[in-house]
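So this one's my_file_18.txt, compact mmCIF, C-alpha atoms and all ligand atoms:
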```
# COMPACT_ATOMS: atom_id res chain seq x y z
CA MET A 906 45.69 -124.12 116.56
CA ILE A 907 48.57 -125.68 118.52
CA ARG A 908 51.69 -123.59 118.94
CA ILE A 909 54.85 -124.72 120.72
CA GLU A 910 57.15 -121.91 121.75
CA GLY A 911 60.73 -122.24 122.99
CA LEU A 912 60.23 -125.63 124.62
CA HIS A 913 63.19 -126.82 126.73
CA LYS A 914 63.51 -130.07 128.63
CA SER A 915 66.63 -131.66 130.15
CA PHE A 916 67.05 -134.87 132.07
CA ALA A 917 69.89 -134.99 134.63
CA GLY A 918 71.47 -131.96 132.97
CA LYS A 919 71.31 -133.47 129.48
CA PRO A 920 69.21 -131.33 127.15
CA VAL A 921 66.66 -133.26 125.08
CA LEU A 922 64.49 -130.38 123.88
CA ALA A 923 66.58 -127.25 123.43
CA GLY A 924 64.15 -124.63 122.15
CA VAL A 925 61.47 -126.31 120.06
CA ASP A 926 59.24 -123.95 118.07
CA LEU A 927 56.48 -125.53 116.06
CA ALA A 928 52.92 -124.77 115.04
CA VAL A 929 50.13 -126.81 113.53
CA GLY A 930 47.05 -125.17 112.07
CA GLN A 931 43.45 -126.25 112.36
CA GLY A 932 42.75 -129.20 110.08
CA GLU A 933 46.41 -129.58 109.20
CA SER A 934 48.27 -132.89 109.34
CA LEU A 935 51.80 -132.54 110.72
CA CYS A 936 54.31 -135.38 110.92
CA VAL A 937 57.21 -135.10 113.35
CA ILE A 938 60.20 -137.22 112.37
CA GLY A 939 63.62 -137.72 113.89
CA GLN A 940 66.17 -140.36 114.77
CA SER A 941 65.54 -142.61 117.74
CA GLY A 942 66.11 -140.80 121.03
CA THR A 943 65.76 -137.26 119.66
CA GLY A 944 62.90 -136.44 122.01
CA LYS A 945 59.74 -137.03 119.93
CA SER A 946 58.06 -138.83 122.82
CA VAL A 947 59.19 -136.19 125.30
CA LEU A 948 57.64 -133.53 123.04
CA LEU A 949 54.36 -135.48 122.94
CA LYS A 950 54.41 -135.91 126.73
CA CYS A 951 54.91 -132.16 127.17
CA ILE A 952 51.88 -131.48 124.96
CA LEU A 953 49.76 -133.95 126.93
CA GLY A 954 50.93 -132.58 130.28
CA LEU A 955 52.63 -135.83 131.30
CA THR A 956 56.04 -134.13 131.47
CA ALA A 957 56.59 -130.55 132.63
CA PRO A 958 58.94 -128.57 130.37
CA ASP A 959 61.77 -126.60 131.97
CA ALA A 960 60.92 -123.57 129.84
CA GLY A 961 58.66 -122.56 127.00
CA GLN A 962 54.95 -123.03 126.50
CA ILE A 963 52.32 -124.78 124.44
CA LEU A 964 49.31 -122.82 123.27
CA TRP A 965 46.01 -124.27 122.11
CA GLN A 966 43.68 -121.89 120.31
CA GLY A 967 45.83 -119.01 121.52
CA ARG A 968 45.80 -119.93 125.23
CA PRO A 969 48.74 -121.49 127.08
CA LEU A 970 48.05 -125.04 128.26
CA ASP A 971 48.27 -125.23 132.03
CA ARG A 972 46.41 -126.94 134.86
CA ALA A 973 43.32 -124.83 134.20
CA THR A 974 43.17 -125.10 130.39
CA ARG A 975 44.59 -128.57 129.71
CA PRO A 976 41.46 -130.57 130.74
CA ALA A 977 39.37 -128.88 128.02
CA PHE A 978 42.14 -129.65 125.51
CA LEU A 979 42.35 -133.29 126.62
CA ASP A 980 38.56 -133.62 126.23
CA ARG A 981 38.94 -132.70 122.56
CA PHE A 982 41.83 -134.95 121.67
CA GLY A 983 42.10 -138.58 120.58
CA MET A 984 45.18 -140.73 120.42
CA LEU A 985 46.30 -143.84 118.61
CA PHE A 986 48.97 -145.39 120.80
CA GLN A 987 51.92 -147.31 119.51
CA GLY A 988 50.86 -150.98 119.69
CA ALA A 989 47.17 -149.91 120.00
CA ALA A 990 47.25 -150.25 123.85
CA LEU A 991 43.77 -151.72 124.23
CA PHE A 992 42.52 -152.64 127.71
CA ASP A 993 42.76 -156.46 127.84
CA SER A 994 39.93 -157.08 130.27
CA VAL A 995 37.07 -155.45 128.36
CA THR A 996 35.57 -156.10 124.92
CA VAL A 997 36.48 -154.27 121.75
CA TRP A 998 33.37 -152.08 121.80
CA GLN A 999 33.98 -151.19 125.45
CA ASN A 1000 37.51 -150.15 124.50
CA VAL A 1001 36.24 -148.00 121.65
CA ALA A 1002 33.47 -146.49 123.78
CA PHE A 1003 35.71 -145.98 126.81
CA ARG A 1004 35.12 -142.22 126.99
CA LEU A 1005 31.57 -142.22 125.65
CA ARG A 1006 30.39 -144.53 128.43
CA GLN A 1007 31.26 -141.87 130.98
CA ARG A 1008 28.49 -139.65 129.67
CA MET A 1009 25.86 -141.73 127.88
CA PRO A 1010 23.97 -145.03 128.30
CA ASP A 1011 25.75 -148.18 127.17
CA ALA A 1012 23.33 -148.89 124.32
CA GLN A 1013 24.04 -145.50 122.77
CA ALA A 1014 27.81 -145.77 123.37
CA ARG A 1015 27.83 -149.25 121.82
CA ALA A 1016 26.00 -148.03 118.71
CA ILE A 1017 28.61 -145.29 118.20
CA ALA A 1018 31.42 -147.80 118.80
CA VAL A 1019 30.00 -150.15 116.15
CA GLU A 1020 29.76 -147.23 113.71
CA LYS A 1021 33.40 -146.24 114.38
CA LEU A 1022 34.51 -149.86 114.03
CA ALA A 1023 32.80 -149.94 110.63
CA ARG A 1024 34.66 -146.75 109.66
CA VAL A 1025 37.98 -148.50 110.25
CA GLY A 1026 36.89 -151.63 108.38
CA LEU A 1027 35.87 -153.87 111.30
CA GLY A 1028 32.44 -155.53 111.17
CA PRO A 1029 29.93 -155.60 114.04
CA GLU A 1030 31.04 -159.15 114.91
CA THR A 1031 34.29 -157.71 116.27
CA ALA A 1032 32.46 -155.55 118.84
CA ASP A 1033 32.07 -158.33 121.41
CA LEU A 1034 35.49 -159.91 120.91
CA MET A 1035 38.22 -159.49 123.51
CA PRO A 1036 41.39 -157.66 122.39
CA ALA A 1037 43.41 -160.91 122.66
CA GLU A 1038 41.25 -162.36 119.87
CA LEU A 1039 42.32 -159.67 117.38
CA SER A 1040 45.26 -159.84 114.97
CA GLY A 1041 47.84 -157.03 115.17
CA GLY A 1042 46.28 -155.21 112.22
CA MET A 1043 42.76 -155.50 113.69
CA ALA A 1044 43.99 -154.26 117.08
CA LYS A 1045 45.52 -151.23 115.37
CA ARG A 1046 42.20 -150.55 113.65
CA ALA A 1047 40.33 -150.92 116.95
CA GLY A 1048 42.79 -148.47 118.52
CA LEU A 1049 42.07 -146.09 115.66
CA ALA A 1050 38.30 -146.47 116.23
CA ARG A 1051 38.88 -145.59 119.89
CA ALA A 1052 40.95 -142.55 118.93
CA ILE A 1053 38.09 -141.16 116.81
CA ALA A 1054 35.17 -142.36 118.95
CA ASP A 1055 34.51 -138.99 120.55
CA ASP A 1056 34.96 -136.94 117.34
CA PRO A 1057 38.19 -135.30 118.50
CA ALA A 1058 39.39 -131.94 117.23
CA VAL A 1059 43.03 -133.03 117.56
CA ILE A 1060 44.36 -136.54 116.95
CA PHE A 1061 47.82 -137.85 117.83
CA PHE A 1062 49.20 -140.85 116.05
CA ASP A 1063 52.23 -142.36 117.78
CA GLU A 1064 54.23 -144.49 115.32
CA PRO A 1065 51.01 -145.75 113.65
CA THR A 1066 52.66 -148.39 111.45
CA THR A 1067 55.09 -149.90 113.97
CA GLY A 1068 54.77 -153.68 114.00
CA LEU A 1069 52.80 -153.88 110.74
CA ASP A 1070 53.98 -155.42 107.48
CA PRO A 1071 54.17 -153.06 104.46
CA ILE A 1072 50.72 -153.93 103.12
CA ARG A 1073 48.94 -153.47 106.46
CA ALA A 1074 51.01 -150.36 107.09
CA ARG A 1075 49.82 -148.86 103.80
CA ARG A 1076 46.21 -149.65 104.64
CA ILE A 1077 46.50 -147.98 108.05
CA ASN A 1078 48.17 -144.93 106.49
CA ASP A 1079 45.38 -144.62 103.90
CA LEU A 1080 42.74 -145.06 106.58
CA ILE A 1081 44.31 -142.37 108.75
CA ARG A 1082 44.54 -139.96 105.82
CA GLY A 1083 40.89 -140.60 104.92
CA ILE A 1084 39.73 -140.04 108.48
CA VAL A 1085 41.80 -136.90 108.95
CA THR A 1086 40.49 -135.43 105.69
CA GLU A 1087 36.86 -136.28 106.30
CA THR A 1088 36.73 -135.17 109.96
CA GLY A 1089 38.79 -132.02 109.46
CA ALA A 1090 40.70 -132.89 112.66
CA THR A 1091 44.14 -131.48 113.33
CA ALA A 1092 46.59 -134.38 113.23
CA ILE A 1093 50.05 -134.79 114.73
CA THR A 1094 51.87 -137.99 113.82
CA ILE A 1095 55.16 -139.12 115.30
CA THR A 1096 56.84 -141.55 112.96
CA HIS A 1097 60.02 -143.01 111.50
CA ASP A 1098 58.10 -144.28 108.49
CA MET A 1099 58.50 -142.03 105.44
CA ASP A 1100 55.63 -143.85 103.70
CA SER A 1101 53.43 -142.64 106.57
CA VAL A 1102 54.73 -139.10 106.11
CA ARG A 1103 53.91 -139.17 102.39
CA ALA A 1104 50.48 -140.72 102.97
CA ILE A 1105 49.35 -138.81 106.05
CA GLY A 1106 51.22 -135.52 106.22
CA ASP A 1107 50.61 -132.08 104.81
CA ARG A 1108 53.71 -130.86 106.61
CA VAL A 1109 56.74 -132.51 108.10
CA ALA A 1110 59.05 -131.32 110.86
CA LEU A 1111 62.46 -132.83 111.59
CA LEU A 1112 63.45 -132.89 115.26
CA GLN A 1113 67.23 -132.94 115.57
CA GLU A 1114 69.54 -132.06 118.44
CA GLY A 1115 66.67 -130.66 120.44
CA ARG A 1116 65.33 -128.30 117.80
CA ILE A 1117 63.23 -128.30 114.66
CA ALA A 1118 65.93 -128.51 111.99
CA TRP A 1119 63.47 -128.31 109.08
CA ASP A 1120 59.75 -127.74 108.76
CA GLY A 1121 57.92 -127.56 105.46
CA PRO A 1122 55.42 -129.12 103.06
CA VAL A 1123 55.75 -132.86 102.50
CA ALA A 1124 55.93 -132.17 98.76
CA GLN A 1125 59.17 -130.23 99.28
CA MET A 1126 60.95 -132.57 101.68
CA HIS A 1127 63.06 -134.32 99.06
CA ASP A 1128 64.75 -131.03 98.17
CA ALA A 1129 65.42 -130.10 101.80
CA VAL A 1130 69.12 -130.31 102.61
CA PRO A 1131 68.64 -130.80 106.40
CA LEU A 1132 66.44 -133.81 105.69
CA ALA A 1133 68.89 -135.60 103.39
CA ALA A 1134 70.67 -137.59 106.10
CA PHE A 1135 67.41 -138.60 107.75
CA LEU A 1136 65.79 -139.62 104.46
CA GLY A 1137 68.85 -141.70 103.56
CA HIS A 1138 68.65 -143.48 106.91
CA ALA A 1139 64.87 -143.95 106.76
CA SER A 1140 64.74 -145.27 103.20
CA GLY A 1141 67.00 -148.17 104.16
CA ARG A 1142 64.83 -149.02 107.13
CA ARG A 1143 61.93 -151.41 106.84
CA ASP A 1144 59.86 -152.67 109.71
CA THR A 1145 59.38 -156.34 108.91
CA ASN A 1146 57.73 -157.34 112.13
CA ALA A 1147 54.54 -158.50 110.39
CA THR A 1148 51.40 -159.26 112.39
N1 LIG B 1 61.83 -139.66 132.23
C1 LIG B 1 63.04 -139.61 131.68
N2 LIG B 1 64.15 -139.59 132.42
C2 LIG B 1 65.38 -139.52 131.88
N3 LIG B 1 65.61 -139.45 130.55
C3 LIG B 1 64.56 -139.49 129.75
C4 LIG B 1 63.21 -139.56 130.25
N4 LIG B 1 62.36 -139.56 129.19
C5 LIG B 1 63.14 -139.48 128.08
N5 LIG B 1 64.43 -139.44 128.41
C6 LIG B 1 65.57 -139.34 127.46
O1 LIG B 1 65.24 -138.37 126.50
C7 LIG B 1 65.75 -138.75 125.23
C8 LIG B 1 64.65 -138.70 124.18
O2 LIG B 1 63.73 -139.76 124.43
P1 LIG B 1 62.43 -139.98 123.57
O3 LIG B 1 61.79 -141.22 124.10
O4 LIG B 1 61.62 -138.75 123.56
O5 LIG B 1 63.02 -140.25 122.12
P2 LIG B 1 62.22 -140.57 120.78
O6 LIG B 1 62.67 -139.57 119.77
O7 LIG B 1 60.77 -140.67 121.06
O8 LIG B 1 62.82 -142.00 120.42
P3 LIG B 1 62.16 -143.25 119.67
O9 LIG B 1 61.99 -142.84 118.26
O10 LIG B 1 63.18 -144.34 119.85
O11 LIG B 1 60.86 -143.56 120.38
C9 LIG B 1 66.39 -140.11 125.41
O12 LIG B 1 67.78 -139.94 125.57
C10 LIG B 1 65.76 -140.62 126.68
O13 LIG B 1 66.63 -141.49 127.35
```

Would you write the structure of this file as structure tokens?
Ligand SMILES: Nc1ncnc2c1ncn2[C@@H]1O[C@H](COP(=O)(O)OP(=O)(O)OP(=O)(O)O)[C@@H](O)[C@H]1O
Amino acid sequence: MIRIEGLHKSFAGKPVLAGVDLAVGQGESLCVIGQSGTGKSVLLKCILGLTAPDAGQILWQGRPLDRATRPAFLDRFGMLFQGAALFDSVTVWQNVAFRLRQRMPDAQARAIAVEKLARVGLGPETADLMPAELSGGMAKRAGLARAIADDPAVIFFDEPTTGLDPIRARRINDLIRGIVTETGATAITITHDMDSVRAIGDRVALLQEGRIAWDGPVAQMHDAVPLAAFLGHASGRRDTNAT
């Protein structure tokens, strides 16, 4: 469904993406892992059209994404931002219904927002709260409700467990897996967290030195030689910034 072919991107002559080839099928959940600074965010920005690659292309349903085709793609995608990234000045339901409100009356958009909040474990009483009144875990859930509000075909999860303690991280991972399975959406997750990979991913791709160094089923990653160094690094890493 999404195919990345020969993607190159350099900054000031320094190559960051040096020929990335990667594909994710409809309904598949792909996790992209890699050390800090390997270009995971640059890859995401290229897919979203926020950064122009120097060479290569990204295809969605067989058609290259460009100025003409990207808007239809962006209409069908949802994203959970690192740190949830809610708009501070509007209520939780208005955050969740942000896109819906552009094409339906508020009462209808609010009803859908409340339903999506329930799906992520937040009761109707949270709908009229302001984002500042939410805990970190609740904000992450509200961000997830916003990502799925418009029933996207493709969902991006950018470091979904960053800033959460291990218990909340596990709950978010399980929630994401449940939502991806039940909606049949194609999912791309960028993460350092191998628990997320095991919980969310069908497939995992390692981005290293500008290329995909390994790409295969999550079930096989522990036998993959190119992943050994990364897994050793990641297993010693624990995000303890509880919220
Ligand atoms: N707009 C830019 N201008 C110059 N260099 C950039 C720009 N965007 C990214 N880079 C460089 O590209 C490299 C990859 O950055 P990127 O943010 O994609 O890494 P990452 O894998 O997402 O890291 P992390 O896991 O820490 O978020 C870094 O060396 C970064 O400094």

Which protein, DNA or RNA residues have an atom within 9 Å of ligand LIG 1 (chain B), counting all atoms listed in the file, as a list of chain:residue names?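 If we count all atoms listed in the file, the neighbours of ligand LIG 1 (chain B) turn out to be A:Lys914, A:Ser915, A:Phe916, A:Ala917, A:Lys919, A:Pro920, A:Val921, A:Leu922, A:Ile938, A:Gly939, A:Gln940, A:Ser941, A:Gly942, A:Thr943, A:Gly944, A:Lys945, A:Ser946, A:Val947, A:Leu948, A:Leu949, A:Lys950, A:Thr956, A:Glu1064, A:Ile1095, A:Thr1096, A:His1097, A:Leu1112.
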
What does the structure give for the distance between CA of Leu927 in chain A and CA of Arg908 in chain A, in Å to one decimal?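 Calculated distance between CA of Leu927 in chain A and CA of Arg908 in chain A is 5.9 Å.
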
Counting all atoms listed in the file, the option among A:Ala1110, A:Leu991, A:Leu1080, A:Ala1032 closest to Thr1066 in chain A: A:Leu1080

Report as JSON, numbers by chain all protein, DNA and RNA residues lying within 9 Å of Phe1061 in chain A, evaluated on all atoms listed in the file, omitting residues in the same chain fewer than 3 positions from it. {"A": [949, 982, 983, 984, 985, 986, 1052, 1091, 1092, 1093, 1094, 1095]}

Work out how far apart CA of Arg1046 in chain A and CA of Met1126 in chain A are and give it in Å to one decimal.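 So the two atoms, CA of Arg1046 in chain A and CA of Met1126 in chain A, lie 28.6 Å apart.
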
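Note that CA of Leu1022 in chain A and CA of Thr996 in chain A are 12.6 Å apart.
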
Using all atoms listed in the file, can you tell me which of A:Asp1063, A:Gly1083, A:Leu953, A:Asp1107 comes closest to Ala977 in chain A?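 So, comparing all the options, the nearest one is A:Leu953.
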
Given all atoms listed in the file as the counted atoms, nearest of A:Thr1086, A:Asn1078, A:Gln999, A:Ser1101 to Ala1054 in chain A: A:Gln999

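Comparing A:Ile1084, A:Ala1044, A:Leu970, A:Ala1118 by their smallest distance to Arg1024 in chain A, the closest is A:Ile1084 (using all atoms listed in the file).
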
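Remark: for Ala957 in chain A, the closest of the candidate residues A:Val1025, A:Ala923, A:Leu912, A:Ile1060 is A:Leu912 (distances computed over all atoms listed in the file).
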
Could the residues of range 908-1004 of chain A that have an atom at most 12 Å from range 1026-1029 of chain A be listed as CSV, each with its closest atom pair and the distance in Å to one decimal, counting only C-alpha atoms and ordered by chain and ascending residue number?
```
residue,atom,partner,partner_atom,distance
A:Val997,CA,A:Pro1029,CA,10.2
A:Trp998,CA,A:Pro1029,CA,9.2
A:Val1001,CA,A:Leu1027,CA,11.9
```

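Considering all atoms listed in the file, the residue among A:Asp980, A:Asp1120, A:Asp926, A:Asp1033 positioned nearest to Asp1055 in chain A is A:Asp980.
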
Can I get N, CA and C atoms for range 999-1017 of chain A, as a PDB file, in the first residue's frame?
```
ATOM      1  N   GLN A 999     -12.816  18.952  21.216  1.00  0.00           N
ATOM      2  CA  GLN A 999     -12.526  19.766  20.033  1.00  0.00           C
ATOM      3  C   GLN A 999     -11.184  19.356  19.409  1.00  0.00           C
ATOM      4  N   ASN A1000     -10.250  18.920  20.248  1.00  0.00           N
ATOM      5  CA  ASN A1000      -9.004  18.362  19.721  1.00  0.00           C
ATOM      6  C   ASN A1000      -9.272  17.100  18.920  1.00  0.00           C
ATOM      7  N   VAL A1001     -10.058  16.208  19.533  1.00  0.00           N
ATOM      8  CA  VAL A1001     -10.314  14.916  18.884  1.00  0.00           C
ATOM      9  C   VAL A1001     -11.072  15.128  17.576  1.00  0.00           C
ATOM     10  N   ALA A1002     -12.017  16.075  17.600  1.00  0.00           N
ATOM     11  CA  ALA A1002     -12.895  16.283  16.438  1.00  0.00           C
ATOM     12  C   ALA A1002     -12.345  17.325  15.470  1.00  0.00           C
ATOM     13  N   PHE A1003     -11.091  17.682  15.646  1.00  0.00           N
ATOM     14  CA  PHE A1003     -10.477  18.757  14.863  1.00  0.00           C
ATOM     15  C   PHE A1003     -10.801  18.661  13.352  1.00  0.00           C
ATOM     16  N   ARG A1004     -10.622  17.507  12.785  1.00  0.00           N
ATOM     17  CA  ARG A1004     -10.874  17.363  11.338  1.00  0.00           C
ATOM     18  C   ARG A1004     -12.358  17.236  11.031  1.00  0.00           C
ATOM     19  N   LEU A1005     -13.058  16.503  11.911  1.00  0.00           N
ATOM     20  CA  LEU A1005     -14.479  16.240  11.670  1.00  0.00           C
ATOM     21  C   LEU A1005     -15.275  17.540  11.604  1.00  0.00           C
ATOM     22  N   ARG A1006     -14.871  18.516  12.437  1.00  0.00           N
ATOM     23  CA  ARG A1006     -15.622  19.765  12.521  1.00  0.00           C
ATOM     24  C   ARG A1006     -15.563  20.557  11.228  1.00  0.00           C
ATOM     25  N   GLN A1007     -14.589  20.220  10.373  1.00  0.00           N
ATOM     26  CA  GLN A1007     -14.497  20.938   9.099  1.00  0.00           C
ATOM     27  C   GLN A1007     -15.584  20.486   8.128  1.00  0.00           C
ATOM     28  N   ARG A1008     -16.239  19.375   8.419  1.00  0.00           N
ATOM     29  CA  ARG A1008     -17.222  18.893   7.448  1.00  0.00           C
ATOM     30  C   ARG A1008     -18.521  18.375   8.042  1.00  0.00           C
ATOM     31  N   MET A1009     -18.757  18.631   9.336  1.00  0.00           N
ATOM     32  CA  MET A1009     -20.038  18.215   9.914  1.00  0.00           C
ATOM     33  C   MET A1009     -20.390  19.141  11.081  1.00  0.00           C
ATOM     34  N   PRO A1010     -21.679  19.176  11.476  1.00  0.00           N
ATOM     35  CA  PRO A1010     -22.065  20.036  12.598  1.00  0.00           C
ATOM     36  C   PRO A1010     -21.379  19.596  13.891  1.00  0.00           C
ATOM     37  N   ASP A1011     -21.207  20.557  14.796  1.00  0.00           N
ATOM     38  CA  ASP A1011     -20.497  20.280  16.042  1.00  0.00           C
ATOM     39  C   ASP A1011     -21.123  19.139  16.848  1.00  0.00           C
ATOM     40  N   ALA A1012     -22.451  19.090  16.894  1.00  0.00           N
ATOM     41  CA  ALA A1012     -23.096  18.059  17.722  1.00  0.00           C
ATOM     42  C   ALA A1012     -22.696  16.659  17.235  1.00  0.00           C
ATOM     43  N   GLN A1013     -22.662  16.507  15.938  1.00  0.00           N
ATOM     44  CA  GLN A1013     -22.301  15.213  15.344  1.00  0.00           C
ATOM     45  C   GLN A1013     -20.812  14.917  15.575  1.00  0.00           C
ATOM     46  N   ALA A1014     -19.974  15.936  15.391  1.00  0.00           N
ATOM     47  CA  ALA A1014     -18.528  15.764  15.585  1.00  0.00           C
ATOM     48  C   ALA A1014     -18.234  15.421  17.049  1.00  0.00           C
ATOM     49  N   ARG A1015     -18.965  16.078  17.959  1.00  0.00           N
ATOM     50  CA  ARG A1015     -18.755  15.826  19.388  1.00  0.00           C
ATOM     51  C   ARG A1015     -19.139  14.383  19.738  1.00  0.00           C
ATOM     52  N   ALA A1016     -20.239  13.913  19.172  1.00  0.00           N
ATOM     53  CA  ALA A1016     -20.687  12.536  19.461  1.00  0.00           C
ATOM     54  C   ALA A1016     -19.627  11.529  19.006  1.00  0.00           C
ATOM     55  N   ILE A1017     -19.032  11.762  17.851  1.00  0.00           N
ATOM     56  CA  ILE A1017     -17.977  10.852  17.363  1.00  0.00           C
ATOM     57  C   ILE A1017     -16.748  10.955  18.274  1.00  0.00           C
TER      58      ILE A1017
END
```
